[in-house]
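Trainee: Input file: entry_31.cif. Contents: mmCIF, C-alpha atoms and all ligand atoms.
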data_protein
#
loop_
_atom_site.label_atom_id
_atom_site.label_comp_id
_atom_site.auth_asym_id
_atom_site.auth_seq_id
_atom_site.Cartn_x
_atom_site.Cartn_y
_atom_site.Cartn_z
CA MET A 1 -138.23 -55.71 199.74
CA SER A 2 -134.78 -56.65 201.06
CA ASP A 3 -133.15 -55.85 197.71
CA GLY A 4 -130.84 -52.88 197.79
CA PHE A 5 -130.28 -52.95 201.55
CA GLY A 6 -126.80 -54.43 201.65
CA PRO A 7 -123.66 -53.09 203.37
CA ASP A 8 -123.28 -50.54 200.52
CA ASN A 9 -126.43 -48.77 201.77
CA LEU A 10 -127.09 -48.91 205.55
CA PRO A 11 -129.69 -46.14 205.85
CA TYR A 12 -130.41 -44.86 209.34
CA GLY A 13 -133.78 -45.10 211.05
CA VAL A 14 -135.33 -44.96 214.51
CA PHE A 15 -137.26 -47.95 215.82
CA THR A 16 -138.93 -49.38 218.90
CA LEU A 17 -139.29 -53.03 219.85
CA GLY A 18 -142.51 -53.62 221.77
CA ARG A 19 -142.77 -51.01 224.52
CA GLY A 20 -139.05 -50.34 224.48
CA GLU A 21 -137.28 -47.03 224.00
CA ARG A 22 -136.53 -45.46 220.68
CA ARG A 23 -133.24 -46.60 219.23
CA ILE A 24 -131.18 -45.80 216.18
CA GLY A 25 -130.72 -48.64 213.75
CA VAL A 26 -129.68 -49.29 210.18
CA ARG A 27 -131.65 -51.27 207.68
CA LEU A 28 -129.98 -54.48 206.55
CA GLY A 29 -131.94 -56.75 204.20
CA ASN A 30 -135.40 -57.26 205.67
CA GLY A 31 -134.41 -56.20 209.14
CA VAL A 32 -132.87 -53.63 211.41
CA VAL A 33 -129.50 -53.69 213.16
CA ASP A 34 -129.64 -51.99 216.56
CA LEU A 35 -126.83 -49.43 216.85
CA SER A 36 -127.37 -48.40 220.46
CA ALA A 37 -124.52 -50.66 221.65
CA LEU A 38 -122.09 -48.55 219.62
CA GLY A 39 -122.68 -45.77 222.12
CA GLY A 40 -122.10 -42.04 221.76
CA ARG A 41 -124.47 -40.25 219.42
CA LEU A 42 -125.64 -43.60 218.01
CA ALA A 43 -127.17 -44.38 221.41
CA ALA A 44 -129.60 -41.44 221.11
CA ALA A 45 -133.37 -41.66 220.52
CA SER A 46 -133.22 -39.69 217.27
CA LEU A 47 -130.66 -38.89 214.61
CA ASN A 48 -130.45 -35.21 215.57
CA PRO A 49 -127.37 -35.41 217.87
CA LEU A 50 -125.42 -37.30 215.20
CA MET A 51 -126.71 -34.96 212.48
CA ALA A 52 -125.60 -31.90 214.45
CA ALA A 53 -122.04 -33.25 214.82
CA GLY A 54 -120.92 -32.64 211.24
CA ARG A 55 -119.32 -34.40 208.32
CA GLN A 56 -116.25 -35.88 210.08
CA GLU A 57 -118.45 -37.51 212.72
CA TRP A 58 -120.86 -38.75 210.05
CA THR A 59 -118.08 -40.46 208.16
CA ALA A 60 -116.62 -41.91 211.38
CA ALA A 61 -120.06 -43.17 212.44
CA ARG A 62 -120.60 -44.81 209.07
CA GLU A 63 -117.21 -46.51 209.27
CA ALA A 64 -118.11 -47.83 212.73
CA VAL A 65 -121.48 -49.06 211.43
CA VAL A 66 -119.91 -50.79 208.42
CA ALA A 67 -117.42 -52.53 210.74
CA HIS A 68 -120.22 -53.51 213.14
CA VAL A 69 -122.36 -54.95 210.35
CA ALA A 70 -119.38 -56.91 209.01
CA TRP A 71 -119.33 -58.83 212.34
CA GLY A 72 -122.75 -60.30 211.57
CA PRO A 73 -124.80 -58.68 214.35
CA PRO A 74 -128.36 -59.79 215.15
CA VAL A 75 -130.88 -58.50 212.61
CA ILE A 76 -134.31 -57.76 214.03
CA PRO A 77 -137.01 -58.60 211.47
CA LEU A 78 -138.82 -55.51 210.19
CA HIS A 79 -142.21 -56.92 211.14
CA ASP A 80 -141.15 -56.97 214.80
CA VAL A 81 -140.35 -53.26 215.00
CA THR A 82 -142.19 -49.96 214.78
CA LEU A 83 -140.44 -47.34 212.68
CA HIS A 84 -140.64 -43.67 213.71
CA LEU A 85 -139.71 -40.32 212.23
CA PRO A 86 -135.93 -40.73 212.12
CA PHE A 87 -135.18 -37.11 213.06
CA GLU A 88 -136.97 -34.20 214.69
CA VAL A 89 -138.02 -31.98 211.82
CA ALA A 90 -136.97 -28.36 212.33
CA ASP A 91 -138.08 -26.23 209.36
CA TYR A 92 -139.55 -27.65 206.17
CA THR A 93 -139.10 -26.05 202.77
CA ASP A 94 -140.35 -27.33 199.44
CA PHE A 95 -138.81 -26.40 196.09
CA TYR A 96 -140.22 -26.50 192.56
CA SER A 97 -137.16 -27.55 190.59
CA SER A 98 -138.42 -29.90 187.89
CA GLU A 99 -138.83 -28.03 184.63
CA HIS A 100 -141.11 -30.78 183.30
CA HIS A 101 -143.36 -30.53 186.35
CA ALA A 102 -143.50 -26.74 186.22
CA LEU A 103 -144.39 -26.80 182.52
CA ASN A 104 -147.00 -29.55 182.94
CA VAL A 105 -148.71 -27.85 185.89
CA SER A 106 -148.71 -24.54 184.09
CA ALA A 107 -150.27 -26.05 180.95
CA ILE A 108 -152.94 -27.84 183.03
CA LEU A 109 -153.82 -25.09 185.52
CA ARG A 110 -152.94 -21.98 183.51
CA PRO A 111 -153.54 -22.84 179.85
CA GLY A 112 -152.36 -20.09 177.55
CA SER A 113 -149.87 -18.74 180.12
CA PRO A 114 -146.17 -18.51 179.18
CA GLY A 115 -145.26 -21.78 180.96
CA LEU A 116 -142.25 -21.05 183.14
CA SER A 117 -142.48 -17.83 185.14
CA PRO A 118 -139.79 -15.25 184.20
CA GLN A 119 -137.55 -15.97 187.23
CA TRP A 120 -137.76 -19.79 187.03
CA LYS A 121 -134.33 -20.32 185.44
CA HIS A 122 -132.71 -17.62 187.58
CA LEU A 123 -133.50 -18.98 191.03
CA PRO A 124 -134.86 -22.18 192.57
CA ILE A 125 -138.45 -21.28 193.49
CA GLY A 126 -139.72 -22.63 196.79
CA TYR A 127 -142.13 -22.07 199.67
CA HIS A 128 -142.01 -22.65 203.41
CA GLY A 129 -144.06 -25.67 204.47
CA ARG A 130 -145.34 -26.88 207.81
CA SER A 131 -142.85 -28.99 209.75
CA ALA A 132 -145.37 -29.97 212.47
CA THR A 133 -147.30 -32.09 209.97
CA VAL A 134 -144.36 -34.03 208.56
CA VAL A 135 -145.22 -37.65 209.37
CA VAL A 136 -143.50 -40.99 208.94
CA SER A 137 -144.48 -43.45 206.22
CA GLY A 138 -147.54 -45.51 207.16
CA THR A 139 -149.31 -42.67 208.99
CA PRO A 140 -152.93 -42.52 207.68
CA ILE A 141 -153.66 -39.37 205.68
CA VAL A 142 -156.93 -37.75 206.73
CA ARG A 143 -158.59 -36.13 203.73
CA PRO A 144 -158.28 -32.39 204.30
CA SER A 145 -161.22 -30.03 204.26
CA GLY A 146 -161.16 -26.45 203.11
CA GLN A 147 -162.53 -23.83 200.80
CA LEU A 148 -163.03 -25.41 197.41
CA GLY A 149 -164.25 -22.22 195.77
CA GLU A 150 -166.51 -19.31 196.55
CA GLY A 151 -169.04 -20.23 199.25
CA LEU A 152 -167.90 -23.86 199.32
CA PHE A 153 -166.31 -25.61 202.32
CA GLY A 154 -165.86 -29.37 202.54
CA PRO A 155 -163.56 -32.35 202.05
CA SER A 156 -161.13 -31.99 199.15
CA ARG A 157 -162.27 -33.76 195.98
CA ARG A 158 -158.93 -33.40 194.25
CA LEU A 159 -156.50 -34.98 196.67
CA ASP A 160 -153.13 -35.64 195.05
CA VAL A 161 -149.57 -36.73 195.75
CA GLU A 162 -146.16 -35.30 194.88
CA ALA A 163 -143.18 -37.66 194.60
CA GLU A 164 -140.12 -35.83 195.87
CA VAL A 165 -136.66 -36.33 197.31
CA GLY A 166 -135.96 -34.77 200.72
CA PHE A 167 -132.58 -33.46 201.88
CA VAL A 168 -131.92 -33.51 205.61
CA VAL A 169 -129.72 -30.77 207.08
CA GLY A 170 -127.28 -31.83 209.77
CA ARG A 171 -124.88 -29.01 210.49
CA PRO A 172 -126.43 -25.55 210.89
CA GLY A 173 -125.28 -22.66 208.74
CA ARG A 174 -126.10 -19.58 206.72
CA ARG A 175 -124.87 -18.31 203.36
CA ILE A 176 -123.87 -21.87 202.50
CA ALA A 177 -121.88 -22.09 199.25
CA THR A 178 -122.79 -24.85 196.81
CA THR A 179 -119.31 -26.31 197.47
CA GLU A 180 -120.22 -26.66 201.18
CA PHE A 181 -123.32 -28.79 200.49
CA ALA A 182 -121.79 -32.04 201.83
CA GLU A 183 -120.64 -30.29 205.02
CA HIS A 184 -124.24 -29.48 205.90
CA VAL A 185 -126.47 -32.14 204.36
CA PHE A 186 -126.57 -35.43 206.25
CA GLY A 187 -128.62 -37.53 203.87
CA VAL A 188 -131.68 -38.06 201.72
CA THR A 189 -135.15 -39.45 202.27
CA LEU A 190 -138.24 -39.97 200.11
CA VAL A 191 -141.07 -37.45 200.47
CA ASN A 192 -144.74 -37.41 199.52
CA ASP A 193 -146.04 -33.83 199.54
CA TRP A 194 -149.78 -34.58 199.68
CA SER A 195 -151.64 -31.77 197.90
CA ALA A 196 -155.32 -30.76 197.72
CA ARG A 197 -155.60 -29.32 194.22
CA ASP A 198 -159.03 -27.75 194.71
CA LEU A 199 -157.94 -25.87 197.85
CA GLN A 200 -154.74 -24.91 196.06
CA ALA A 201 -156.40 -23.54 192.94
CA TRP A 202 -158.66 -21.28 195.04
CA GLU A 203 -156.12 -20.03 197.60
CA TYR A 204 -152.69 -19.87 195.97
CA ARG A 205 -152.52 -16.49 194.23
CA PRO A 206 -150.36 -14.55 194.88
CA LEU A 207 -148.57 -16.05 197.91
CA GLY A 208 -148.39 -19.72 196.89
CA PRO A 209 -149.52 -22.94 198.62
CA PHE A 210 -150.90 -22.59 202.15
CA LEU A 211 -153.57 -24.98 203.48
CA ALA A 212 -153.50 -27.07 200.29
CA LYS A 213 -150.24 -28.65 201.38
CA SER A 214 -149.92 -28.04 205.12
CA PHE A 215 -152.12 -30.90 206.36
CA ALA A 216 -149.58 -33.72 205.85
CA THR A 217 -146.20 -34.45 204.29
CA SER A 218 -144.97 -38.04 204.54
CA VAL A 219 -141.33 -39.14 204.68
CA SER A 220 -139.63 -42.52 204.45
CA PRO A 221 -138.42 -43.96 207.79
CA TRP A 222 -134.91 -44.23 206.29
CA VAL A 223 -132.29 -41.56 205.81
CA VAL A 224 -129.66 -42.67 203.32
CA PRO A 225 -126.37 -40.98 204.27
CA LEU A 226 -124.79 -38.83 201.59
CA ASP A 227 -121.67 -41.01 201.91
CA ALA A 228 -123.65 -43.93 200.46
CA LEU A 229 -124.51 -42.06 197.24
CA ALA A 230 -122.49 -41.53 194.07
CA PRO A 231 -122.39 -37.92 192.89
CA VAL A 232 -123.21 -37.63 189.18
CA GLN A 233 -123.17 -34.80 186.64
CA ALA A 234 -126.18 -32.50 187.07
CA GLN A 235 -128.30 -31.16 184.18
CA PRO A 236 -126.77 -28.35 182.10
CA GLN A 237 -128.22 -24.92 182.92
CA ASP A 238 -128.95 -22.08 180.53
CA PRO A 239 -128.75 -19.19 181.30
CA GLU A 240 -125.73 -19.53 183.56
CA PRO A 241 -126.85 -18.88 187.15
CA LEU A 242 -125.44 -16.10 189.33
CA ASP A 243 -122.14 -16.72 191.13
CA TYR A 244 -123.72 -17.71 194.46
CA LEU A 245 -125.43 -20.62 192.65
CA ARG A 246 -122.18 -21.90 191.11
CA PRO A 247 -120.73 -24.43 190.70
CA ALA A 248 -124.02 -26.35 190.52
CA GLY A 249 -122.81 -29.18 192.75
CA PRO A 250 -123.58 -32.85 192.31
CA GLY A 251 -126.63 -34.49 190.85
CA PHE A 252 -127.78 -37.90 192.08
CA ASP A 253 -128.92 -40.84 190.01
CA LEU A 254 -132.16 -41.60 191.84
CA ARG A 255 -135.06 -43.41 190.18
CA LEU A 256 -138.43 -43.15 191.86
CA THR A 257 -141.51 -45.34 191.56
CA VAL A 258 -145.12 -44.37 192.28
CA GLU A 259 -147.60 -47.15 193.08
CA TRP A 260 -151.32 -46.44 193.34
CA ASN A 261 -153.07 -49.34 195.09
CA ASP A 262 -150.21 -51.64 194.07
CA THR A 263 -150.31 -50.56 190.41
CA LEU A 264 -147.04 -49.02 189.23
CA VAL A 265 -148.24 -45.82 187.55
CA SER A 266 -145.04 -43.80 187.17
CA THR A 267 -141.22 -43.89 187.36
CA PRO A 268 -139.95 -40.32 187.92
CA PRO A 269 -136.21 -39.82 187.18
CA PHE A 270 -134.41 -37.47 189.61
CA THR A 271 -131.63 -37.00 187.03
CA SER A 272 -134.02 -34.79 185.06
CA MET A 273 -134.18 -32.10 187.79
CA TYR A 274 -133.04 -28.61 186.76
CA TRP A 275 -131.77 -27.12 190.04
CA THR A 276 -129.47 -29.18 192.27
CA ALA A 277 -129.84 -29.76 196.01
CA ALA A 278 -126.63 -27.74 196.55
CA GLN A 279 -128.12 -24.78 194.67
CA GLN A 280 -131.37 -25.06 196.63
CA LEU A 281 -129.48 -24.91 199.94
CA ALA A 282 -127.29 -22.04 198.71
CA HIS A 283 -130.36 -20.11 197.61
CA LEU A 284 -132.30 -20.86 200.80
CA THR A 285 -129.50 -19.37 202.91
CA SER A 286 -128.31 -16.65 200.48
CA ASN A 287 -130.19 -13.83 202.22
CA GLY A 288 -128.56 -14.61 205.57
CA ALA A 289 -131.31 -16.96 206.77
CA SER A 290 -130.01 -19.83 208.87
CA VAL A 291 -130.71 -23.52 208.60
CA ARG A 292 -130.57 -25.73 211.66
CA THR A 293 -130.19 -29.39 212.49
CA GLY A 294 -133.30 -31.27 211.36
CA ASP A 295 -134.26 -28.89 208.57
CA LEU A 296 -135.85 -30.75 205.71
CA TYR A 297 -135.96 -29.37 202.21
CA ALA A 298 -137.64 -31.21 199.38
CA SER A 299 -136.61 -31.18 195.72
CA GLY A 300 -140.02 -30.35 194.35
CA THR A 301 -142.13 -32.82 192.45
CA VAL A 302 -139.93 -35.07 190.35
CA SER A 303 -141.34 -35.31 186.83
CA GLY A 304 -139.47 -36.55 183.79
CA PRO A 305 -140.25 -35.72 180.16
CA GLU A 306 -142.62 -38.66 179.59
CA ARG A 307 -146.22 -39.10 180.72
CA GLU A 308 -145.29 -42.26 182.68
CA GLN A 309 -142.54 -40.33 184.52
CA VAL A 310 -144.61 -37.65 186.24
CA GLY A 311 -144.62 -37.21 190.02
CA SER A 312 -148.23 -36.12 190.55
CA PHE A 313 -151.67 -37.42 189.60
CA LEU A 314 -152.63 -33.91 188.48
CA GLU A 315 -150.18 -34.48 185.63
CA LEU A 316 -150.80 -38.21 185.17
CA THR A 317 -154.57 -37.83 184.77
CA ARG A 318 -154.59 -34.32 183.27
CA ASN A 319 -156.43 -32.84 186.24
CA GLY A 320 -158.71 -35.90 186.40
CA ASP A 321 -159.84 -35.56 182.78
CA ASP A 322 -157.90 -38.60 181.59
CA PRO A 323 -158.17 -41.19 184.39
CA VAL A 324 -155.70 -44.05 184.81
CA LYS A 325 -156.80 -47.67 184.98
CA LEU A 326 -155.48 -49.55 188.01
CA ALA A 327 -154.72 -53.29 188.08
CA ASP A 328 -158.12 -54.03 189.64
CA GLY A 329 -159.81 -52.48 186.60
CA THR A 330 -161.03 -49.34 188.39
CA LEU A 331 -160.39 -45.84 187.07
CA ARG A 332 -158.87 -43.00 189.04
CA GLY A 333 -158.58 -39.25 188.51
CA PHE A 334 -157.67 -38.22 192.06
CA LEU A 335 -157.38 -40.13 195.35
CA GLU A 336 -160.37 -41.97 196.81
CA ASN A 337 -160.77 -42.91 200.46
CA GLY A 338 -158.96 -46.18 201.13
CA ASP A 339 -156.42 -45.61 198.36
CA VAL A 340 -152.81 -46.38 199.17
CA VAL A 341 -149.89 -44.60 197.54
CA ARG A 342 -146.35 -45.88 197.89
CA ILE A 343 -143.38 -43.93 196.57
CA GLY A 344 -140.18 -45.96 196.33
CA GLY A 345 -136.79 -45.40 194.82
CA THR A 346 -133.32 -46.64 194.10
CA ALA A 347 -130.00 -44.81 193.90
CA LEU A 348 -126.62 -45.28 192.31
CA SER A 349 -124.37 -45.91 195.29
CA ALA A 350 -120.83 -44.76 195.95
CA ALA A 351 -119.88 -48.43 195.47
CA GLY A 352 -121.32 -48.38 191.95
CA THR A 353 -124.27 -50.62 192.86
CA ARG A 354 -128.01 -49.79 192.95
CA ILE A 355 -129.30 -49.39 196.46
CA SER A 356 -132.81 -48.83 197.79
CA LEU A 357 -134.13 -45.57 199.20
CA GLY A 358 -136.89 -47.53 200.93
CA SER A 359 -140.40 -46.23 200.46
CA VAL A 360 -142.95 -43.80 201.81
CA SER A 361 -146.57 -44.87 201.84
CA GLY A 362 -149.87 -43.55 203.09
CA THR A 363 -153.54 -44.57 203.06
CA VAL A 364 -156.23 -41.94 202.53
CA VAL A 365 -158.93 -41.99 205.21
CA PRO A 366 -162.11 -39.86 205.40
O1 LIG B 1 -147.46 -24.29 189.56
C1 LIG B 1 -148.30 -24.33 190.48
O2 LIG B 1 -149.23 -23.55 190.55
C2 LIG B 1 -148.22 -25.33 191.54
C3 LIG B 1 -147.20 -26.19 191.70
C4 LIG B 1 -147.18 -27.17 192.78
O3 LIG B 1 -148.16 -27.49 193.43
C5 LIG B 1 -145.89 -27.84 193.01
C6 LIG B 1 -145.26 -27.68 194.35
O4 LIG B 1 -145.71 -27.88 195.47
C7 LIG B 1 -143.81 -27.57 194.23
C8 LIG B 1 -143.25 -28.84 193.75
O5 LIG B 1 -143.43 -29.87 194.43
O6 LIG B 1 -142.61 -28.88 192.68
CA CA B 2 -144.33 -30.17 196.43
MG MG B 3 -147.17 -31.31 202.04
#
If you convert what's in this file into structure tokens, what do you get?
Ligand SMILES: O=C(O)/C=C/C(=O)CC(=O)CC(=O)O
Ligand SMILES: [Ca+2]
Ligand SMILES: [Mg+2]
Mentor:
Amino acid sequence: MSDGFGPDNLPYGVFTLGRGERRIGVRLGNGVVDLSALGGRLAAASLNPLMAAGRQEWTAAREAVVAHVAWGPPVIPLHDVTLHLPFEVADYTDFYSSEHHALNVSAILRPGSPGLSPQWKHLPIGYHGRSATVVVSGTPIVRPSGQLGEGLFGPSRRLDVEAEVGFVVGRPGRRIATTEFAEHVFGVTLVNDWSARDLQAWEYRPLGPFLAKSFATSVSPWVVPLDALAPVQAQPQDPEPLDYLRPAGPGFDLRLTVEWNDTLVSTPPFTSMYWTAAQQLAHLTSNGASVRTGDLYASGTVSGPEREQVGSFLELTRNGDDPVKLADGTLRGFLENGDVVRIGGTALSAAGTRISLGSVSGTVVP
């Protein structure tokens, strides 16, 4: 639990102690260091003021935090605090940038179809999600109801997860070049894009996901600043994208884990993603649309080439047809009430070490 939360990481979060006010802290080992004494934007009740200030301020704040932590400040044990959404979510966008995921979903839901749609390798496909239902890790997930087919309304029977990486926009902008990515993106967080596959299959053509994904999206309580991460070479792209999507920008060596009721069922590798976060932001703003402080955009489900690397249960269990066996001996196709899913992850840090991205978990309730 405390592994990967050393001074090379220091992810930001927002916590309360008892009935106290919300404060910004950083995770250190199994606890939180209160940053409110550092004053300025670190004395706020959410990360938004700091996020809005821009890259120079972010780097200065991180230097101040590193120096503060080096003094050996008091560390409040995690079990004494309540963790909140670390930032106020402005708009929420979700991409679809894993080629493995897109091919798997297509083969499962649209057998016989060509696989990737014709534009897939020309632009990062995405949809606009619902920011009002982005919730912090630990928030119970109420099973959504909806139309499951013609004449059928009721609780979803095919409730699923999507393991994703979220990018948090700090500085507003429009027509953001891929080379300006680090000027606008403050940090990364883990995302679970809960998805009701039965609602989705019935509603999604031709406009894409609507109620199947709008009921809840969970995020980790920790935002790992971009400064903590090592940029790595992204995947090669063929055909070469248009100019506004070049250069591709950095990849990140993030390794996710998906646990279903404490059974590790998958380890999705972020390095296998086709489109980069810089290209996603460039595309999102290429028509003149603006992004603002607190915008969250998610990578899309992270699925690697292997069965045990997929980021959704739709893929893992082949739409429920090939259930997985959990450690307690029970079989699962989709989520049952009471099930707990925890998505975790580690990252290659700027210091060359492996740091933790924390985790995002949720329990399904009726
Ligand atoms: O291909 C489809 O019909 C559906 C795909 C998804 O549900 C995935 C989605 O939300 C985007 C992503 O997370 O990659
Ligand atoms: Ca998704
Ligand atoms: Mg969602």
Trainee: Select from chain A every residue with an atom at most 7 Å from any atom of ligand CA 2 (chain B), then for each give the shortest pair of atoms and their distance in Å to one decimal, using all atoms listed in the file, rows by chain and rising number, as a tab-separated table.
Mentor:
residue	atom	partner	partner_atom	distance
A:Asp94	CA	B:CA2	CA	5.7
A:Phe95	CA	B:CA2	CA	6.7
A:Tyr96	CA	B:CA2	CA	6.7
A:Glu162	CA	B:CA2	CA	5.7
A:Asp193	CA	B:CA2	CA	5.1
A:Gly300	CA	B:CA2	CA	4.8
A:Thr301	CA	B:CA2	CA	5.3
Trainee: Could you build a table of the residues in chain A lying no more than 12 Å from ligand MG 3 (chain B), giving for each the nearest pair of atoms and their separation in Å rounded to one decimal place, using all atoms listed in the file, ordered by chain and ascending residue number, as CSV?
Mentor:
residue,atom,partner,partner_atom,distance
A:Tyr92,CA,B:MG3,MG,9.4
A:Thr93,CA,B:MG3,MG,9.7
A:Asp94,CA,B:MG3,MG,8.3
A:Phe95,CA,B:MG3,MG,11.4
A:Tyr127,CA,B:MG3,MG,10.8
A:His128,CA,B:MG3,MG,10.2
A:Gly129,CA,B:MG3,MG,6.9
A:Arg130,CA,B:MG3,MG,7.5
A:Ser131,CA,B:MG3,MG,9.1
A:Ala132,CA,B:MG3,MG,10.7
A:Thr133,CA,B:MG3,MG,8.0
A:Val134,CA,B:MG3,MG,7.6
A:Val135,CA,B:MG3,MG,9.9
A:Ile141,CA,B:MG3,MG,11.0
A:Pro144,CA,B:MG3,MG,11.4
A:Leu159,CA,B:MG3,MG,11.4
A:Asp160,CA,B:MG3,MG,10.2
A:Val161,CA,B:MG3,MG,8.6
A:Glu162,CA,B:MG3,MG,8.3
A:Ala163,CA,B:MG3,MG,10.6
A:Glu164,CA,B:MG3,MG,10.4
A:Gly166,CA,B:MG3,MG,11.8
A:Val191,CA,B:MG3,MG,8.8
A:Asn192,CA,B:MG3,MG,7.0
A:Asp193,CA,B:MG3,MG,3.7
A:Trp194,CA,B:MG3,MG,4.8
A:Ser195,CA,B:MG3,MG,6.1
A:Ala196,CA,B:MG3,MG,9.2
A:Arg197,CA,B:MG3,MG,11.7
A:Gln200,CA,B:MG3,MG,11.6
A:Pro209,CA,B:MG3,MG,9.3
A:Phe210,CA,B:MG3,MG,9.5
A:Leu211,CA,B:MG3,MG,9.1
A:Ala212,CA,B:MG3,MG,7.8
A:Lys213,CA,B:MG3,MG,4.1
A:Ser214,CA,B:MG3,MG,5.3
A:Phe215,CA,B:MG3,MG,6.6
A:Ala216,CA,B:MG3,MG,5.1
A:Thr217,CA,B:MG3,MG,4.0
A:Ser218,CA,B:MG3,MG,7.5
A:Val219,CA,B:MG3,MG,10.1
A:Leu296,CA,B:MG3,MG,11.9
A:Tyr297,CA,B:MG3,MG,11.4
A:Ala298,CA,B:MG3,MG,9.9
A:Gly300,CA,B:MG3,MG,10.5
A:Thr301,CA,B:MG3,MG,10.9
Trainee: I'd like the box whose edges run along x, y and z of the file and which contains every listed atom of ligand LIG 1 (chain B), padded by 3 Å per side; could you state its centre and edge lengths in Å, one decimal, as JSON?
Mentor:
{"center_x": -145.9, "center_y": -26.7, "center_z": 192.5, "size_x": 12.6, "size_y": 12.3, "size_z": 11.9}
Trainee: Go through A:Gly6, A:Pro221, A:Gly251, A:Pro86 one by one, measure the shortest atom-to-atom distance of each to A:Ala234 using only C-alpha atoms, and give the residue with the smallest value.
Mentor: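 Smallest separation from A:Ala234 among the options: A:Gly251.
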Trainee: Using all atoms listed in the file, which of A:His101, A:Arg307, A:Arg332, A:Arg157 sits nearest ligand LIG 1 (chain B)?
Mentor: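 Nearest candidate to ligand LIG 1 (chain B) out of A:His101, A:Arg307, A:Arg332, A:Arg157: A:His101.
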Trainee: Quick check, in Å to one decimal: how far apart do atom CA of A:Glu315 and atom CA of A:Ala107 lie?
Mentor: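 Distance between the two atoms: 9.6 Å.
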